[in-house]
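Q: Dropping the structure in here first, questions after.
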Amino acid sequence: MATSMKKVTIWVVPLYMVAMVMSSEVCNQGVNCFLPDCFCGGTVDPGTFAKSSDIPQMVLFSFDDAVTGDIKDMYDKLFAPNRLNPHGCPISMTMFVSHNFTNYDHVRDLYRRGMEVAVHSVTHRVPITYWKLATYDTLSFEIIQQRKYLSEKSGIPLKDIRGWRSPFLQPSGDQQFSILKEENFEYDSTFTVSTKDGNNSRVWPSTLDFGWNYECNIPPCPRGKYKGFWELPVQMLENPAGKFGCLYTDSCRPGTIDETFQLFWANFHSHYTTTRSPLFFTMHPAWLIEEKNFQALDYFLLTLLHYYDDVYFINYQQLLQWMKRPQKLQNISDFAPWDCEWVGDDTWLSPKADDRTNKGGNIIPPGIYIMLLFASCAFFMIKLVQ
Ligand SMILES: [Zn+2]
């Protein structure tokens, strides 16, 4: 009897100690974490390029909730097929789609034109505690069933639906990641990174091989580790109107069309002229139903497409492909994951045959160019004076 007790003690203690050591292990890029499967995150780019000008400035729009007729019309205008990134492929974005009120034919059409479709639950139910306290079965239903709807009703292969965002950005703890990983999702985009001074955040996405590395703004955050699973956090934007920053672009509540344009512009400028970390605009499309907001975003897109040959509007999956195999700006035209020859059943784009100088710029009337130029110059002047 005494001999048996002793044996148990000998085995239990070492295992416990190993677990302690493992849980305290810190992510160290190039030492215990290697691309393309693992990235520690932080503020250093995955390519560790010598100059930030080697990095394409990636701008990512994500839109949450239902895809209705009004919203589809807006997406059609903003992401028109003739609006091209500098390498000649159409610009793209990511939609986190919830079930109620969604028109799946519209989703199919947008997917075929190169937009990314990701999952945002079946019910999108209130109160928020529904998500905070969700059981494993409840959350499984919300995730798996909505992916099934998107696949079956919009004809999207399951393998192409790879991302999830929880309603209200309310995480459900470890079970969220267990389900997503089990179901072969590639990434989550629920967690938030904010700054204490309200300035914009500039972190790169990371894998959860060593757990969630940042402050837990909205508990419960995961405590476990999820090898090779990516988190693309929602990051705080700077609010040039002098108010505190915001996570959803619409939450900064700009007043006039000029304030709205400056909200986009100020955040672009501060990324583009510093580290060139990916710039995320996380939005509710309903906000764009208001004409001034739509116009401000439209002007912002057209300005960048017309004046910059190193800015790319891409979706989350394209960003992850770049994260895994970072490419210098000058090599982007040969980067297969960003290529675009086939975009639908009967629609082919041949980027190499397209006129790459046509970046949708001729859509803006000349008067608007002058107005935009004036607005941009005025903004830079104000920045310089400050
Ligand atoms: Zn939502």
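Residue numbers start at 1 in each chain; chains themselves are named A, B, ... in the order of the structure tokens; ligands are numbered from 1 in the order shown.
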Neighbouring residues of Leu247 in chain A were defined as those with any atom within 7 Å, considering only C-alpha atoms; residues of the same chain fewer than 5 positions away were excluded. Please report them as a PyMOL selection string.

A: chain A and resi 234-237

Q: Could I get the residue neighbourhood of ligand 1 at 6 Å, counting only C-alpha atoms and all ligand atoms, as a PDB file with C-alpha atoms, in the first residue's frame?

A:
ATOM      1  CA  ASP A  64     -20.746  42.981 -39.781  1.00  0.00           C
ATOM      2  CA  ASP A  65     -24.352  41.704 -39.794  1.00  0.00           C
ATOM      3  CA  PRO A 167     -21.783  39.474 -32.097  1.00  0.00           C
ATOM      4  CA  PHE A 168     -21.110  42.631 -30.040  1.00  0.00           C
TER       5      PHE A 168
END

Q: Let me make sure I understand: among A:Phe335, A:Phe79, A:Tyr187, A:Tyr130, which one has the smallest atom-to-atom distance to Tyr111 in chain A if we use only C-alpha atoms?

A: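 Once distances to Tyr111 in chain A are computed over only C-alpha atoms, the minimum belongs to A:Phe79.
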
Q: Could you go through range 183-325 of chain A and tell me which residues DSSP, when run on the backbone, assigns to strand (DSSP E), listing them as a ChimeraX atom specification?

A: /A:187-188,192-193,206-208,226-231,234-235,279-283,311-313

Q: Would you write out those residues with N, CA and C atoms, as a PDB file, in the first residue's frame?

A:
ATOM      1  N   TYR A 187      -9.310  31.566 -38.502  1.00  0.00           N
ATOM      2  CA  TYR A 187      -9.082  32.733 -37.664  1.00  0.00           C
ATOM      3  C   TYR A 187     -10.345  33.192 -36.948  1.00  0.00           C
ATOM      4  N   ASP A 188     -10.108  33.972 -35.899  1.00  0.00           N
ATOM      5  CA  ASP A 188     -11.171  34.669 -35.171  1.00  0.00           C
ATOM      6  C   ASP A 188     -10.857  36.159 -35.259  1.00  0.00           C
ATOM      7  N   THR A 192     -10.242  42.578 -28.923  1.00  0.00           N
ATOM      8  CA  THR A 192      -9.981  43.995 -29.177  1.00  0.00           C
ATOM      9  C   THR A 192      -8.628  44.405 -28.606  1.00  0.00           C
ATOM     10  N   VAL A 193      -7.998  45.331 -29.310  1.00  0.00           N
ATOM     11  CA  VAL A 193      -6.763  45.933 -28.809  1.00  0.00           C
ATOM     12  C   VAL A 193      -6.996  47.434 -28.782  1.00  0.00           C
ATOM     13  N   SER A 206      -1.750  37.705 -34.850  1.00  0.00           N
ATOM     14  CA  SER A 206      -0.860  36.700 -34.262  1.00  0.00           C
ATOM     15  C   SER A 206      -1.573  35.356 -34.196  1.00  0.00           C
ATOM     16  N   THR A 207      -0.787  34.301 -34.016  1.00  0.00           N
ATOM     17  CA  THR A 207      -1.396  32.987 -33.753  1.00  0.00           C
ATOM     18  C   THR A 207      -1.488  32.825 -32.237  1.00  0.00           C
ATOM     19  N   LEU A 208      -2.346  31.899 -31.821  1.00  0.00           N
ATOM     20  CA  LEU A 208      -2.561  31.708 -30.380  1.00  0.00           C
ATOM     21  C   LEU A 208      -1.781  30.498 -29.853  1.00  0.00           C
ATOM     22  N   TYR A 226      -3.782  27.719 -28.798  1.00  0.00           N
ATOM     23  CA  TYR A 226      -4.407  27.139 -29.980  1.00  0.00           C
ATOM     24  C   TYR A 226      -3.424  27.227 -31.138  1.00  0.00           C
ATOM     25  N   LYS A 227      -2.715  26.149 -31.300  1.00  0.00           N
ATOM     26  CA  LYS A 227      -1.612  26.082 -32.255  1.00  0.00           C
ATOM     27  C   LYS A 227      -2.069  26.406 -33.680  1.00  0.00           C
ATOM     28  N   GLY A 228      -1.396  27.348 -34.279  1.00  0.00           N
ATOM     29  CA  GLY A 228      -1.652  27.666 -35.683  1.00  0.00           C
ATOM     30  C   GLY A 228      -2.959  28.402 -35.949  1.00  0.00           C
ATOM     31  N   PHE A 229      -3.686  28.771 -34.892  1.00  0.00           N
ATOM     32  CA  PHE A 229      -4.959  29.471 -35.077  1.00  0.00           C
ATOM     33  C   PHE A 229      -4.729  30.982 -34.941  1.00  0.00           C
ATOM     34  N   TRP A 230      -5.240  31.730 -35.892  1.00  0.00           N
ATOM     35  CA  TRP A 230      -4.939  33.170 -35.950  1.00  0.00           C
ATOM     36  C   TRP A 230      -6.012  34.024 -35.283  1.00  0.00           C
ATOM     37  N   GLU A 231      -5.576  35.113 -34.681  1.00  0.00           N
ATOM     38  CA  GLU A 231      -6.478  36.150 -34.189  1.00  0.00           C
ATOM     39  C   GLU A 231      -6.162  37.440 -34.936  1.00  0.00           C
ATOM     40  N   VAL A 234      -9.728  43.366 -33.429  1.00  0.00           N
ATOM     41  CA  VAL A 234     -10.332  44.658 -33.776  1.00  0.00           C
ATOM     42  C   VAL A 234      -9.508  45.717 -33.046  1.00  0.00           C
ATOM     43  N   GLN A 235      -8.977  46.672 -33.795  1.00  0.00           N
ATOM     44  CA  GLN A 235      -8.027  47.621 -33.189  1.00  0.00           C
ATOM     45  C   GLN A 235      -8.588  49.034 -33.130  1.00  0.00           C
ATOM     46  N   LEU A 279      -4.135  48.270 -41.629  1.00  0.00           N
ATOM     47  CA  LEU A 279      -5.113  49.223 -41.087  1.00  0.00           C
ATOM     48  C   LEU A 279      -6.510  48.617 -41.222  1.00  0.00           C
ATOM     49  N   PHE A 280      -7.161  48.423 -40.080  1.00  0.00           N
ATOM     50  CA  PHE A 280      -8.488  47.786 -40.068  1.00  0.00           C
ATOM     51  C   PHE A 280      -9.571  48.832 -39.828  1.00  0.00           C
ATOM     52  N   PHE A 281     -10.561  48.845 -40.699  1.00  0.00           N
ATOM     53  CA  PHE A 281     -11.766  49.628 -40.434  1.00  0.00           C
ATOM     54  C   PHE A 281     -12.905  48.635 -40.218  1.00  0.00           C
ATOM     55  N   THR A 282     -13.369  48.552 -38.982  1.00  0.00           N
ATOM     56  CA  THR A 282     -14.411  47.593 -38.611  1.00  0.00           C
ATOM     57  C   THR A 282     -15.729  48.349 -38.564  1.00  0.00           C
ATOM     58  N   MET A 283     -16.704  47.909 -39.360  1.00  0.00           N
ATOM     59  CA  MET A 283     -17.899  48.750 -39.508  1.00  0.00           C
ATOM     60  C   MET A 283     -19.212  47.986 -39.501  1.00  0.00           C
ATOM     61  N   VAL A 311      -0.726  51.004 -51.882  1.00  0.00           N
ATOM     62  CA  VAL A 311      -1.820  50.743 -50.938  1.00  0.00           C
ATOM     63  C   VAL A 311      -2.746  49.690 -51.536  1.00  0.00           C
ATOM     64  N   TYR A 312      -3.053  48.669 -50.747  1.00  0.00           N
ATOM     65  CA  TYR A 312      -3.870  47.549 -51.230  1.00  0.00           C
ATOM     66  C   TYR A 312      -5.081  47.347 -50.327  1.00  0.00           C
ATOM     67  N   PHE A 313      -6.248  47.304 -50.932  1.00  0.00           N
ATOM     68  CA  PHE A 313      -7.482  46.994 -50.199  1.00  0.00           C
ATOM     69  C   PHE A 313      -7.740  45.500 -50.361  1.00  0.00           C
TER      70      PHE A 313
END

Q: Report, in Å with one decimal, the straight-line distance from CA of Arg162 in chain A to CA of Glu186 in chain A.

A: 5.2 Å

Q: When you look at Phe185 in chain A with a cut-off of 12 Å (counting only C-alpha atoms), what residues show up, excluding the ones that are within fewer than 4 positions of it in the same chain? I need them as a VMD selection string.

A: chain A and resid 118 to 119 143 to 144 147 158 to 165 176 to 181 189 226 228 to 231 317

Q: Check the smallest atom-to-atom distance from each of A:Leu320, A:Leu84, A:Met115, A:Leu304 to Pro36 in chain A using only C-alpha atoms, then report the winner.

A: A:Leu320

Q: Using only C-alpha atoms, which of A:Ser201, A:Thr303, A:Asn315, A:Thr275 sits nearest Ser53 in chain A?

A: A:Thr275

Q: Quick one: residues within 8 Å of Asn28 in chain A, only C-alpha atoms counted, chain neighbours fewer than 4 positions away excluded, as number ranges by chain?

A: A: 32-33, 40

Q: Would you mind writing down, as an MDAnalysis selection string, each residue of range 143-368 of chain A that DSSP on the backbone assigns to alpha helix (DSSP H)?

A: chainID A and resid 146:154 174:182 257:272 291:307 316:324 366:368

Q: Find the distance between CA of Leu78 in chain A and CA of Ser52 in chain A and write it in Å to one decimal.

A: 28.0 Å

Q: Could you jot down the CA of Ser140 in chain A to CA of Ala66 in chain A separation for me, Å, one decimal place?

A: 19.7 Å

Q: With only C-alpha atoms as the atoms that count, which of A:Gly155, A:Gly242, A:Trp212, A:Asp298 lies nearest to Asp76 in chain A?

A: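 For Asp76 in chain A, the nearest of the given residues is A:Asp298.
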
Q: Need to verify the contact set: range 253-266 of chain A, 6 Å, only C-alpha atoms, exclusion of same-chain residues closer than 6 positions in sequence. Can you return it as a ChimeraX atom specification?

A: /A:240,292,296

Q: Could you check which of A:Leu301, A:Ser333, A:Asp310, A:Asn184 is closest to Ala80 in chain A, using only C-alpha atoms?

A: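 Closest candidate: A:Leu301.
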
Q: Which is closest to Met323 in chain A among A:Ile218, A:Leu150, A:Cys38, A:Val31, if we use only C-alpha atoms?

A: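 Of all the options, A:Cys38 lies closest to Met323 in chain A.
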